[in-house]
$ cat final_35.pdb   # PDB, C-alpha atoms and all ligand atoms
ATOM      1  CA  MET A   1    -149.593  47.572 -12.381  1.00  0.00           C
ATOM      2  CA  GLN A   2    -150.255  47.330  -8.657  1.00  0.00           C
ATOM      3  CA  PRO A   3    -153.879  46.318  -7.911  1.00  0.00           C
ATOM      4  CA  ALA A   4    -155.862  48.718  -5.685  1.00  0.00           C
ATOM      5  CA  PRO A   5    -155.759  47.405  -2.095  1.00  0.00           C
ATOM      6  CA  GLY A   6    -159.276  48.637  -1.307  1.00  0.00           C
ATOM      7  CA  LYS A   7    -161.413  51.750  -1.627  1.00  0.00           C
ATOM      8  CA  LEU A   8    -159.752  55.012  -2.725  1.00  0.00           C
ATOM      9  CA  THR A   9    -160.075  57.255   0.343  1.00  0.00           C
ATOM     10  CA  PHE A  10    -157.852  60.318  -0.234  1.00  0.00           C
ATOM     11  CA  SER A  11    -157.073  61.187  -3.854  1.00  0.00           C
ATOM     12  CA  LYS A  12    -153.985  62.977  -5.132  1.00  0.00           C
ATOM     13  CA  GLN A  13    -156.033  66.193  -5.387  1.00  0.00           C
ATOM     14  CA  GLN A  14    -157.273  65.868  -1.806  1.00  0.00           C
ATOM     15  CA  ILE A  15    -153.752  65.160  -0.537  1.00  0.00           C
ATOM     16  CA  ASP A  16    -152.346  68.158  -2.440  1.00  0.00           C
ATOM     17  CA  ALA A  17    -155.056  70.457  -1.044  1.00  0.00           C
ATOM     18  CA  ALA A  18    -154.442  69.212   2.512  1.00  0.00           C
ATOM     19  CA  LEU A  19    -150.686  69.772   2.128  1.00  0.00           C
ATOM     20  CA  ASP A  20    -151.218  73.296   0.775  1.00  0.00           C
ATOM     21  CA  GLN A  21    -153.354  74.059   3.833  1.00  0.00           C
ATOM     22  CA  LEU A  22    -150.886  72.543   6.321  1.00  0.00           C
ATOM     23  CA  ALA A  23    -147.972  74.415   4.734  1.00  0.00           C
ATOM     24  CA  ALA A  24    -149.897  77.702   4.891  1.00  0.00           C
ATOM     25  CA  GLU A  25    -150.660  77.187   8.598  1.00  0.00           C
ATOM     26  CA  ILE A  26    -147.044  76.319   9.464  1.00  0.00           C
ATOM     27  CA  MET A  27    -145.681  79.238   7.408  1.00  0.00           C
ATOM     28  CA  HIS A  28    -148.121  81.540   9.208  1.00  0.00           C
ATOM     29  CA  ASP A  29    -146.980  80.348  12.661  1.00  0.00           C
ATOM     30  CA  PHE A  30    -143.290  80.305  11.748  1.00  0.00           C
ATOM     31  CA  PRO A  31    -142.387  83.384   9.716  1.00  0.00           C
ATOM     32  CA  ALA A  32    -139.134  83.122   7.779  1.00  0.00           C
ATOM     33  CA  GLN A  33    -137.013  84.888  10.410  1.00  0.00           C
ATOM     34  CA  LYS A  34    -138.013  82.356  13.093  1.00  0.00           C
ATOM     35  CA  ASP A  35    -135.949  79.229  13.690  1.00  0.00           C
ATOM     36  CA  LEU A  36    -137.608  76.011  12.474  1.00  0.00           C
ATOM     37  CA  HIS A  37    -136.438  72.435  12.908  1.00  0.00           C
ATOM     38  CA  ILE A  38    -138.557  69.542  11.627  1.00  0.00           C
ATOM     39  CA  ILE A  39    -138.457  66.011  13.039  1.00  0.00           C
ATOM     40  CA  ILE A  40    -139.770  63.467  10.539  1.00  0.00           C
ATOM     41  CA  THR A  41    -140.874  60.026  11.678  1.00  0.00           C
ATOM     42  CA  LEU A  42    -139.994  57.146   9.364  1.00  0.00           C
ATOM     43  CA  GLN A  43    -141.038  55.092   7.596  1.00  0.00           C
ATOM     44  CA  GLY A  44    -144.615  56.180   6.984  1.00  0.00           C
ATOM     45  CA  SER A  45    -144.004  59.942   6.710  1.00  0.00           C
ATOM     46  CA  LEU A  46    -141.471  59.750   3.862  1.00  0.00           C
ATOM     47  CA  PHE A  47    -143.663  61.039   1.033  1.00  0.00           C
ATOM     48  CA  PHE A  48    -145.792  63.287   3.245  1.00  0.00           C
ATOM     49  CA  ALA A  49    -142.739  65.030   4.704  1.00  0.00           C
ATOM     50  CA  ALA A  50    -140.992  65.338   1.330  1.00  0.00           C
ATOM     51  CA  ASP A  51    -144.068  66.976  -0.192  1.00  0.00           C
ATOM     52  CA  LEU A  52    -144.807  69.164   2.842  1.00  0.00           C
ATOM     53  CA  LEU A  53    -141.268  70.454   3.388  1.00  0.00           C
ATOM     54  CA  ARG A  54    -140.972  71.489  -0.247  1.00  0.00           C
ATOM     55  CA  ARG A  55    -144.043  73.672   0.294  1.00  0.00           C
ATOM     56  CA  LEU A  56    -142.390  75.414   3.267  1.00  0.00           C
ATOM     57  CA  ASP A  57    -140.704  78.217   1.370  1.00  0.00           C
ATOM     58  CA  ARG A  58    -138.364  79.315   4.175  1.00  0.00           C
ATOM     59  CA  PRO A  59    -135.102  78.255   5.840  1.00  0.00           C
ATOM     60  CA  LEU A  60    -135.368  75.091   7.957  1.00  0.00           C
ATOM     61  CA  THR A  61    -133.434  72.029   9.064  1.00  0.00           C
ATOM     62  CA  TYR A  62    -134.655  68.495   9.679  1.00  0.00           C
ATOM     63  CA  ASP A  63    -133.834  65.172  11.304  1.00  0.00           C
ATOM     64  CA  LEU A  64    -135.251  61.696  10.761  1.00  0.00           C
ATOM     65  CA  VAL A  65    -136.393  59.384  13.544  1.00  0.00           C
ATOM     66  CA  ARG A  66    -137.562  55.843  12.995  1.00  0.00           C
ATOM     67  CA  ALA A  67    -140.631  55.019  15.066  1.00  0.00           C
ATOM     68  CA  SER A  68    -142.555  51.764  14.994  1.00  0.00           C
ATOM     69  CA  SER A  69    -145.301  50.053  16.951  1.00  0.00           C
ATOM     70  CA  TYR A  70    -147.447  48.292  14.370  1.00  0.00           C
ATOM     71  CA  ILE A  71    -147.468  44.623  13.396  1.00  0.00           C
ATOM     72  CA  GLY A  72    -149.980  44.056  10.561  1.00  0.00           C
ATOM     73  CA  ARG A  73    -153.106  46.062  11.362  1.00  0.00           C
ATOM     74  CA  MET A  74    -152.651  46.084  15.159  1.00  0.00           C
ATOM     75  CA  SER A  75    -150.637  48.487  17.285  1.00  0.00           C
ATOM     76  CA  SER A  76    -148.240  46.265  19.276  1.00  0.00           C
ATOM     77  CA  GLY A  77    -148.179  48.703  22.195  1.00  0.00           C
ATOM     78  CA  ALA A  78    -144.371  48.586  22.350  1.00  0.00           C
ATOM     79  CA  VAL A  79    -142.848  51.686  20.786  1.00  0.00           C
ATOM     80  CA  LEU A  80    -139.405  51.466  19.216  1.00  0.00           C
ATOM     81  CA  LEU A  81    -137.501  54.698  18.506  1.00  0.00           C
ATOM     82  CA  ASP A  82    -134.264  54.856  16.585  1.00  0.00           C
ATOM     83  CA  GLY A  83    -132.156  57.876  15.617  1.00  0.00           C
ATOM     84  CA  LEU A  84    -132.836  60.136  18.609  1.00  0.00           C
ATOM     85  CA  GLU A  85    -129.296  59.831  19.933  1.00  0.00           C
ATOM     86  CA  HIS A  86    -127.898  62.286  17.357  1.00  0.00           C
ATOM     87  CA  ILE A  87    -130.606  64.913  17.745  1.00  0.00           C
ATOM     88  CA  ASP A  88    -129.864  68.258  19.409  1.00  0.00           C
ATOM     89  CA  ILE A  89    -132.985  70.411  19.684  1.00  0.00           C
ATOM     90  CA  THR A  90    -132.154  72.348  22.856  1.00  0.00           C
ATOM     91  CA  GLY A  91    -133.625  75.861  22.558  1.00  0.00           C
ATOM     92  CA  ARG A  92    -134.989  75.210  19.087  1.00  0.00           C
ATOM     93  CA  GLN A  93    -138.489  75.571  17.660  1.00  0.00           C
ATOM     94  CA  VAL A  94    -139.471  72.072  16.633  1.00  0.00           C
ATOM     95  CA  VAL A  95    -142.331  70.686  14.552  1.00  0.00           C
ATOM     96  CA  VAL A  96    -142.760  66.899  14.488  1.00  0.00           C
ATOM     97  CA  VAL A  97    -144.144  65.596  11.184  1.00  0.00           C
ATOM     98  CA  ASP A  98    -145.888  62.220  11.449  1.00  0.00           C
ATOM     99  CA  ASP A  99    -148.138  60.274   9.109  1.00  0.00           C
ATOM    100  CA  ILE A 100    -150.931  59.071  11.423  1.00  0.00           C
ATOM    101  CA  LEU A 101    -151.913  59.852  14.996  1.00  0.00           C
ATOM    102  CA  ASP A 102    -153.919  56.769  15.988  1.00  0.00           C
ATOM    103  CA  THR A 103    -153.776  55.363  19.556  1.00  0.00           C
ATOM    104  CA  GLY A 104    -151.273  58.115  20.432  1.00  0.00           C
ATOM    105  CA  LEU A 105    -148.830  55.614  21.935  1.00  0.00           C
ATOM    106  CA  THR A 106    -146.006  56.239  19.472  1.00  0.00           C
ATOM    107  CA  LEU A 107    -146.196  60.003  19.677  1.00  0.00           C
ATOM    108  CA  SER A 108    -146.590  60.048  23.462  1.00  0.00           C
ATOM    109  CA  VAL A 109    -143.228  58.276  23.734  1.00  0.00           C
ATOM    110  CA  LEU A 110    -141.545  60.347  21.030  1.00  0.00           C
ATOM    111  CA  LEU A 111    -142.845  63.700  22.324  1.00  0.00           C
ATOM    112  CA  GLN A 112    -141.741  62.854  25.852  1.00  0.00           C
ATOM    113  CA  GLU A 113    -138.248  62.004  24.601  1.00  0.00           C
ATOM    114  CA  LEU A 114    -138.120  65.287  22.696  1.00  0.00           C
ATOM    115  CA  TYR A 115    -139.386  67.376  25.647  1.00  0.00           C
ATOM    116  CA  MET A 116    -136.541  65.978  27.749  1.00  0.00           C
ATOM    117  CA  ARG A 117    -134.139  67.634  25.284  1.00  0.00           C
ATOM    118  CA  HIS A 118    -135.548  71.105  26.156  1.00  0.00           C
ATOM    119  CA  PRO A 119    -136.766  72.519  22.859  1.00  0.00           C
ATOM    120  CA  LEU A 120    -137.998  76.142  22.971  1.00  0.00           C
ATOM    121  CA  SER A 121    -141.287  74.912  21.489  1.00  0.00           C
ATOM    122  CA  LEU A 122    -142.643  71.602  20.252  1.00  0.00           C
ATOM    123  CA  ARG A 123    -145.551  71.294  17.836  1.00  0.00           C
ATOM    124  CA  LEU A 124    -147.091  68.370  16.046  1.00  0.00           C
ATOM    125  CA  CYS A 125    -148.212  68.053  12.428  1.00  0.00           C
ATOM    126  CA  VAL A 126    -149.984  64.888  11.256  1.00  0.00           C
ATOM    127  CA  LEU A 127    -151.410  64.011   7.875  1.00  0.00           C
ATOM    128  CA  ILE A 128    -154.206  61.922   9.429  1.00  0.00           C
ATOM    129  CA  ARG A 129    -155.808  62.020  12.847  1.00  0.00           C
ATOM    130  CA  LYS A 130    -157.796  58.839  13.628  1.00  0.00           C
ATOM    131  CA  THR A 131    -160.334  59.350  16.417  1.00  0.00           C
ATOM    132  CA  GLY A 132    -161.631  55.787  16.883  1.00  0.00           C
ATOM    133  CA  ASN A 133    -158.707  54.117  18.722  1.00  0.00           C
ATOM    134  CA  ILE A 134    -157.388  56.829  21.078  1.00  0.00           C
ATOM    135  CA  LYS A 135    -155.491  55.496  24.118  1.00  0.00           C
ATOM    136  CA  VAL A 136    -153.309  58.498  24.954  1.00  0.00           C
ATOM    137  CA  PRO A 137    -155.000  61.837  24.233  1.00  0.00           C
ATOM    138  CA  ILE A 138    -152.562  63.894  22.198  1.00  0.00           C
ATOM    139  CA  THR A 139    -153.473  67.099  20.411  1.00  0.00           C
ATOM    140  CA  ALA A 140    -151.971  67.737  17.013  1.00  0.00           C
ATOM    141  CA  ASP A 141    -151.450  71.404  16.100  1.00  0.00           C
ATOM    142  CA  TYR A 142    -151.741  70.777  12.352  1.00  0.00           C
ATOM    143  CA  VAL A 143    -154.029  68.043  10.947  1.00  0.00           C
ATOM    144  CA  GLY A 144    -154.532  67.167   7.279  1.00  0.00           C
ATOM    145  CA  PHE A 145    -157.462  64.711   7.527  1.00  0.00           C
ATOM    146  CA  THR A 146    -159.598  63.398  10.388  1.00  0.00           C
ATOM    147  CA  MET A 147    -161.270  59.991  10.249  1.00  0.00           C
ATOM    148  CA  ASP A 148    -162.550  57.206  12.520  1.00  0.00           C
ATOM    149  CA  LYS A 149    -160.480  54.006  12.575  1.00  0.00           C
ATOM    150  CA  GLU A 150    -160.223  52.514   9.102  1.00  0.00           C
ATOM    151  CA  PHE A 151    -156.819  51.022   8.271  1.00  0.00           C
ATOM    152  CA  LEU A 152    -155.174  52.978   5.448  1.00  0.00           C
ATOM    153  CA  VAL A 153    -152.414  52.214   2.977  1.00  0.00           C
ATOM    154  CA  GLY A 154    -150.600  54.181   0.280  1.00  0.00           C
ATOM    155  CA  TYR A 155    -148.661  57.467   0.191  1.00  0.00           C
ATOM    156  CA  GLY A 156    -146.142  56.036   2.661  1.00  0.00           C
ATOM    157  CA  LEU A 157    -148.618  54.020   4.744  1.00  0.00           C
ATOM    158  CA  ASP A 158    -148.129  50.280   4.721  1.00  0.00           C
ATOM    159  CA  HIS A 159    -149.609  46.939   5.582  1.00  0.00           C
ATOM    160  CA  ASN A 160    -146.679  44.684   6.510  1.00  0.00           C
ATOM    161  CA  GLY A 161    -144.367  46.838   4.413  1.00  0.00           C
ATOM    162  CA  GLN A 162    -146.514  46.782   1.267  1.00  0.00           C
ATOM    163  CA  TYR A 163    -148.366  49.553  -0.621  1.00  0.00           C
ATOM    164  CA  ARG A 164    -146.221  52.466   0.572  1.00  0.00           C
ATOM    165  CA  ASN A 165    -145.425  53.545  -2.989  1.00  0.00           C
ATOM    166  CA  LEU A 166    -149.037  54.002  -4.080  1.00  0.00           C
ATOM    167  CA  PRO A 167    -149.489  57.736  -4.770  1.00  0.00           C
ATOM    168  CA  GLU A 168    -152.966  57.906  -3.219  1.00  0.00           C
ATOM    169  CA  ILE A 169    -154.457  56.652   0.070  1.00  0.00           C
ATOM    170  CA  TYR A 170    -156.757  53.604   0.202  1.00  0.00           C
ATOM    171  CA  THR A 171    -158.768  51.921   2.934  1.00  0.00           C
ATOM    172  CA  TYR A 172    -157.155  48.498   3.185  1.00  0.00           C
ATOM    173  CA  ASP A 173    -159.629  45.730   2.528  1.00  0.00           C
ATOM    174  CA  PRO A 174    -158.217  42.243   3.277  1.00  0.00           C
ATOM    175  CA  LEU A 175    -161.145  40.703   1.359  1.00  0.00           C
ATOM    176  CA  THR A 176    -159.935  42.128  -1.960  1.00  0.00           C
ATOM    177  CA  LYS A 177    -156.559  40.383  -1.524  1.00  0.00           C
TER     178      LYS A 177
HETATM  179  P1  LIG B   1    -150.160  54.987  17.301  1.00  0.00           P
HETATM  180  O1  LIG B   1    -149.016  54.763  18.221  1.00  0.00           O
HETATM  181  O2  LIG B   1    -151.242  53.974  17.459  1.00  0.00           O
HETATM  182  O3  LIG B   1    -150.708  56.392  17.346  1.00  0.00           O
HETATM  183  O4  LIG B   1    -149.604  54.663  15.892  1.00  0.00           O
HETATM  184  C1  LIG B   1    -149.211  55.564  15.029  1.00  0.00           C
HETATM  185  C2  LIG B   1    -148.408  54.934  13.902  1.00  0.00           C
HETATM  186  O5  LIG B   1    -148.934  53.671  13.505  1.00  0.00           O
HETATM  187  C3  LIG B   1    -148.515  55.816  12.705  1.00  0.00           C
HETATM  188  O6  LIG B   1    -147.517  56.797  12.723  1.00  0.00           O
HETATM  189  C4  LIG B   1    -148.393  54.847  11.567  1.00  0.00           C
HETATM  190  O7  LIG B   1    -147.036  54.663  11.254  1.00  0.00           O
HETATM  191  C5  LIG B   1    -149.002  53.570  12.102  1.00  0.00           C
HETATM  192  N1  LIG B   1    -150.410  53.484  11.694  1.00  0.00           N
HETATM  193  C6  LIG B   1    -151.509  53.805  12.406  1.00  0.00           C
HETATM  194  N2  LIG B   1    -152.633  53.617  11.698  1.00  0.00           N
HETATM  195  C7  LIG B   1    -152.227  53.186  10.497  1.00  0.00           C
HETATM  196  C8  LIG B   1    -152.926  52.851   9.276  1.00  0.00           C
HETATM  197  O8  LIG B   1    -154.151  52.937   9.154  1.00  0.00           O
HETATM  198  N3  LIG B   1    -152.145  52.444   8.244  1.00  0.00           N
HETATM  199  C9  LIG B   1    -150.794  52.364   8.316  1.00  0.00           C
HETATM  200  N4  LIG B   1    -150.096  52.688   9.404  1.00  0.00           N
HETATM  201  C10 LIG B   1    -150.809  53.092  10.496  1.00  0.00           C
HETATM  202 MG    MG B   2    -145.756  56.679  11.902  1.00  0.00          MG
END

$ encode --input "final_35.pdb" --output "structure tokens"
Amino acid sequence: MQPAPGKLTFSKQQIDAALDQLAAEIMHDFPAQKDLHIIITLQGSLFFAADLLRRLDRPLTYDLVRASSYIGRMSSGAVLLDGLEHIDITGRQVVVVDDILDTGLTLSVLLQELYMRHPLSLRLCVLIRKTGNIKVPITADYVGFTMDKEFLVGYGLDHNGQYRNLPEIYTYDPLTK
């Protein structure tokens, strides 16, 4: 068994309730007859997006983009994007699905790249909005949880690649390691 990496912060029940709410909001804004294309950021959003998209009971398409800026618990400031070259969103209604909006650096770069491709609309859905480290103010249209600046792992979120497969979300505590 994998030892808990710190304090349990969002349980399976809390995650499920947040996903139900996010799915209801997106379904409300995008009725079934409206076009909907989802852009999922890897690697952290894997489980979140898989669980959210299966709650969106309507036609949709999606693409995956790999975005990274973190080394350990610090944002490196340099944003790497991979996978955008194949994406055609011109005239489409797009919702970006990302795990955490923290400093805003990653999403500011990604959203700018997507705007340059002339979508009809571009919205942002994040599982977690952290408010304690903001560098670029970005507004998310759909937010699962809001918190200050604790470093989280589990449910796709990692510390140096570890803990992503934990089904619940923990505050990472290096002292328990
Ligand atoms: P930003 O560019 O600082 O907004 O970074 C956002 C990205 O950093 C998120 O999409 C995550 O992939 C990663 N990240 C930010 N905070 C955490 C955390 O607490 N745990 C794991 N990854 C995080
Ligand atoms: Mg991310």

$ residues_around --input "final_35.pdb" --residues "A:Gly132" --least-positions-apart "2" --cutoff "6 Å" --atoms "all atoms listed in the file" --output "compact mmCIF listing (two decimals) with C-alpha atoms, in the frame of the given file"
# COMPACT_ATOMS: atom_id res chain seq x y z
CA LYS A 130 -157.80 58.84 13.63
CA ASP A 148 -162.55 57.21 12.52
CA LYS A 149 -160.48 54.01 12.58

$ closest_atom_pairs --input "final_35.pdb" --of "chain A" --to "ligand LIG 1 (chain B)" --cutoff "8 Å" --atoms "all atoms listed in the file" --output "CSV"
residue,atom,partner,partner_atom,distance
A:Thr41,CA,B:LIG1,O6,7.5
A:Leu42,CA,B:LIG1,O7,7.7
A:Gln43,CA,B:LIG1,O7,7.0
A:Gly44,CA,B:LIG1,O7,5.1
A:Ser45,CA,B:LIG1,O7,7.6
A:Ala67,CA,B:LIG1,O7,7.5
A:Ser68,CA,B:LIG1,O7,6.5
A:Ser69,CA,B:LIG1,O1,6.1
A:Tyr70,CA,B:LIG1,O5,5.6
A:Arg73,CA,B:LIG1,C8,7.1
A:Ser75,CA,B:LIG1,O2,5.5
A:Gly77,CA,B:LIG1,O1,7.3
A:Val79,CA,B:LIG1,O1,7.4
A:Asp98,CA,B:LIG1,O6,5.8
A:Asp99,CA,B:LIG1,O6,5.1
A:Ile100,CA,B:LIG1,C3,4.3
A:Leu101,CA,B:LIG1,O3,4.4
A:Asp102,CA,B:LIG1,O3,3.5
A:Thr103,CA,B:LIG1,O2,3.6
A:Gly104,CA,B:LIG1,O3,3.6
A:Leu105,CA,B:LIG1,O1,3.8
A:Thr106,CA,B:LIG1,O1,3.6
A:Leu107,CA,B:LIG1,O1,6.1
A:Ser108,CA,B:LIG1,O1,7.8
A:Lys130,CA,B:LIG1,N2,7.6
A:Asn133,CA,B:LIG1,O2,7.6
A:Ile134,CA,B:LIG1,O3,7.7
A:Lys149,CA,B:LIG1,O8,7.3
A:Glu150,CA,B:LIG1,O8,6.1
A:Phe151,CA,B:LIG1,O8,3.4
A:Leu152,CA,B:LIG1,O8,3.8
A:Val153,CA,B:LIG1,N3,5.3
A:Leu157,CA,B:LIG1,C9,4.5
A:Asp158,CA,B:LIG1,C9,4.9
A:His159,CA,B:LIG1,C9,6.2
A:Thr171,CA,B:LIG1,O8,7.8

$ closest_residue --input "final_35.pdb" --among "A:Val136, A:Pro174, A:Val65, A:Gly91" --to "ligand MG 2 (chain B)" --atoms "all atoms listed in the file"
A:Val65

$ closest_residue --input "final_35.pdb" --among "A:Arg55, A:Lys7, A:Arg164, A:Arg117" --to "A:Asp88" --atoms "all atoms listed in the file"
A:Arg117

$ closest_residue --input "final_35.pdb" --among "A:Asp35, A:Asp51, A:Tyr62, A:Val126" --to "ligand MG 2 (chain B)" --atoms "all atoms listed in the file"
A:Val126

$ resolve_selection --input "final_35.pdb" --expression "the PyMOL selection byres (((chain A and resi 89) around 10) and not hetatm)" --output "list of chain:residue names"
A:His37, A:Ile38, A:Ile39, A:Asp63, A:His86, A:Ile87, A:Asp88, A:Thr90, A:Gly91, A:Arg92, A:Gln93, A:Val94, A:Leu114, A:Tyr115, A:Met116, A:Arg117, A:His118, A:Pro119, A:Leu120, A:Ser121, A:Leu122

$ build_atoms --input "final_35.pdb" --residues "stretch 143-152 of chain A" --atoms "all heavy atoms" --output "PDB file, keeping the file's coordinate frame"
ATOM      1  N   VAL A 143    -153.429  69.327  11.341  1.00  0.00           N
ATOM      2  CA  VAL A 143    -154.029  68.043  10.947  1.00  0.00           C
ATOM      3  C   VAL A 143    -154.527  68.135   9.507  1.00  0.00           C
ATOM      4  O   VAL A 143    -155.293  69.041   9.170  1.00  0.00           O
ATOM      5  CB  VAL A 143    -155.209  67.685  11.881  1.00  0.00           C
ATOM      6  CG1 VAL A 143    -155.879  66.398  11.442  1.00  0.00           C
ATOM      7  CG2 VAL A 143    -154.739  67.569  13.331  1.00  0.00           C
ATOM      8  N   GLY A 144    -154.084  67.183   8.671  1.00  0.00           N
ATOM      9  CA  GLY A 144    -154.532  67.167   7.279  1.00  0.00           C
ATOM     10  C   GLY A 144    -155.941  66.613   7.142  1.00  0.00           C
ATOM     11  O   GLY A 144    -156.835  67.268   6.601  1.00  0.00           O
ATOM     12  N   PHE A 145    -156.153  65.382   7.616  1.00  0.00           N
ATOM     13  CA  PHE A 145    -157.462  64.711   7.527  1.00  0.00           C
ATOM     14  C   PHE A 145    -157.811  64.114   8.890  1.00  0.00           C
ATOM     15  O   PHE A 145    -156.930  63.675   9.619  1.00  0.00           O
ATOM     16  CB  PHE A 145    -157.423  63.556   6.520  1.00  0.00           C
ATOM     17  CG  PHE A 145    -157.026  63.939   5.132  1.00  0.00           C
ATOM     18  CD1 PHE A 145    -155.773  63.570   4.625  1.00  0.00           C
ATOM     19  CD2 PHE A 145    -157.893  64.643   4.306  1.00  0.00           C
ATOM     20  CE1 PHE A 145    -155.396  63.909   3.332  1.00  0.00           C
ATOM     21  CE2 PHE A 145    -157.527  64.986   3.013  1.00  0.00           C
ATOM     22  CZ  PHE A 145    -156.281  64.615   2.530  1.00  0.00           C
ATOM     23  N   THR A 146    -159.117  64.080   9.180  1.00  0.00           N
ATOM     24  CA  THR A 146    -159.598  63.398  10.388  1.00  0.00           C
ATOM     25  C   THR A 146    -160.519  62.273   9.947  1.00  0.00           C
ATOM     26  O   THR A 146    -161.334  62.452   9.039  1.00  0.00           O
ATOM     27  CB  THR A 146    -160.367  64.375  11.299  1.00  0.00           C
ATOM     28  OG1 THR A 146    -159.493  65.456  11.631  1.00  0.00           O
ATOM     29  CG2 THR A 146    -160.804  63.699  12.584  1.00  0.00           C
ATOM     30  N   MET A 147    -160.388  61.111  10.579  1.00  0.00           N
ATOM     31  CA  MET A 147    -161.270  59.991  10.249  1.00  0.00           C
ATOM     32  C   MET A 147    -161.425  59.083  11.467  1.00  0.00           C
ATOM     33  O   MET A 147    -160.786  59.315  12.489  1.00  0.00           O
ATOM     34  CB  MET A 147    -160.712  59.217   9.078  1.00  0.00           C
ATOM     35  CG  MET A 147    -159.285  58.785   9.290  1.00  0.00           C
ATOM     36  SD  MET A 147    -158.700  57.796   7.978  1.00  0.00           S
ATOM     37  CE  MET A 147    -159.913  56.523   7.972  1.00  0.00           C
ATOM     38  N   ASP A 148    -162.256  58.039  11.355  1.00  0.00           N
ATOM     39  CA  ASP A 148    -162.550  57.206  12.520  1.00  0.00           C
ATOM     40  C   ASP A 148    -161.420  56.203  12.769  1.00  0.00           C
ATOM     41  O   ASP A 148    -160.457  56.503  13.461  1.00  0.00           O
ATOM     42  CB  ASP A 148    -163.918  56.537  12.326  1.00  0.00           C
ATOM     43  CG  ASP A 148    -164.324  55.732  13.546  1.00  0.00           C
ATOM     44  OD1 ASP A 148    -163.860  56.067  14.663  1.00  0.00           O
ATOM     45  OD2 ASP A 148    -165.091  54.771  13.404  1.00  0.00           O
ATOM     46  N   LYS A 149    -161.501  54.991  12.230  1.00  0.00           N
ATOM     47  CA  LYS A 149    -160.480  54.006  12.575  1.00  0.00           C
ATOM     48  C   LYS A 149    -160.124  53.065  11.434  1.00  0.00           C
ATOM     49  O   LYS A 149    -159.467  52.053  11.657  1.00  0.00           O
ATOM     50  CB  LYS A 149    -160.901  53.200  13.805  1.00  0.00           C
ATOM     51  CG  LYS A 149    -162.285  52.578  13.683  1.00  0.00           C
ATOM     52  CD  LYS A 149    -162.462  51.455  14.683  1.00  0.00           C
ATOM     53  CE  LYS A 149    -162.915  51.999  16.011  1.00  0.00           C
ATOM     54  NZ  LYS A 149    -163.432  50.950  16.895  1.00  0.00           N
ATOM     55  N   GLU A 150    -160.551  53.388  10.220  1.00  0.00           N
ATOM     56  CA  GLU A 150    -160.223  52.514   9.102  1.00  0.00           C
ATOM     57  C   GLU A 150    -158.710  52.392   8.951  1.00  0.00           C
ATOM     58  O   GLU A 150    -157.975  53.339   9.210  1.00  0.00           O
ATOM     59  CB  GLU A 150    -160.807  53.068   7.787  1.00  0.00           C
ATOM     60  CG  GLU A 150    -162.314  53.072   7.740  1.00  0.00           C
ATOM     61  CD  GLU A 150    -162.913  54.332   8.356  1.00  0.00           C
ATOM     62  OE1 GLU A 150    -162.185  55.055   9.077  1.00  0.00           O
ATOM     63  OE2 GLU A 150    -164.102  54.579   8.128  1.00  0.00           O
ATOM     64  N   PHE A 151    -158.250  51.227   8.501  1.00  0.00           N
ATOM     65  CA  PHE A 151    -156.819  51.022   8.271  1.00  0.00           C
ATOM     66  C   PHE A 151    -156.484  51.463   6.850  1.00  0.00           C
ATOM     67  O   PHE A 151    -157.101  51.025   5.884  1.00  0.00           O
ATOM     68  CB  PHE A 151    -156.417  49.565   8.493  1.00  0.00           C
ATOM     69  CG  PHE A 151    -154.933  49.409   8.586  1.00  0.00           C
ATOM     70  CD1 PHE A 151    -154.283  49.628   9.801  1.00  0.00           C
ATOM     71  CD2 PHE A 151    -154.183  49.087   7.476  1.00  0.00           C
ATOM     72  CE1 PHE A 151    -152.897  49.517   9.893  1.00  0.00           C
ATOM     73  CE2 PHE A 151    -152.801  48.973   7.552  1.00  0.00           C
ATOM     74  CZ  PHE A 151    -152.160  49.189   8.767  1.00  0.00           C
ATOM     75  N   LEU A 152    -155.489  52.343   6.723  1.00  0.00           N
ATOM     76  CA  LEU A 152    -155.174  52.978   5.448  1.00  0.00           C
ATOM     77  C   LEU A 152    -153.825  52.522   4.919  1.00  0.00           C
ATOM     78  O   LEU A 152    -152.912  52.246   5.707  1.00  0.00           O
ATOM     79  CB  LEU A 152    -155.145  54.502   5.620  1.00  0.00           C
ATOM     80  CG  LEU A 152    -156.408  55.123   6.202  1.00  0.00           C
ATOM     81  CD1 LEU A 152    -156.170  56.589   6.549  1.00  0.00           C
ATOM     82  CD2 LEU A 152    -157.561  54.993   5.212  1.00  0.00           C
TER      83      LEU A 152
END
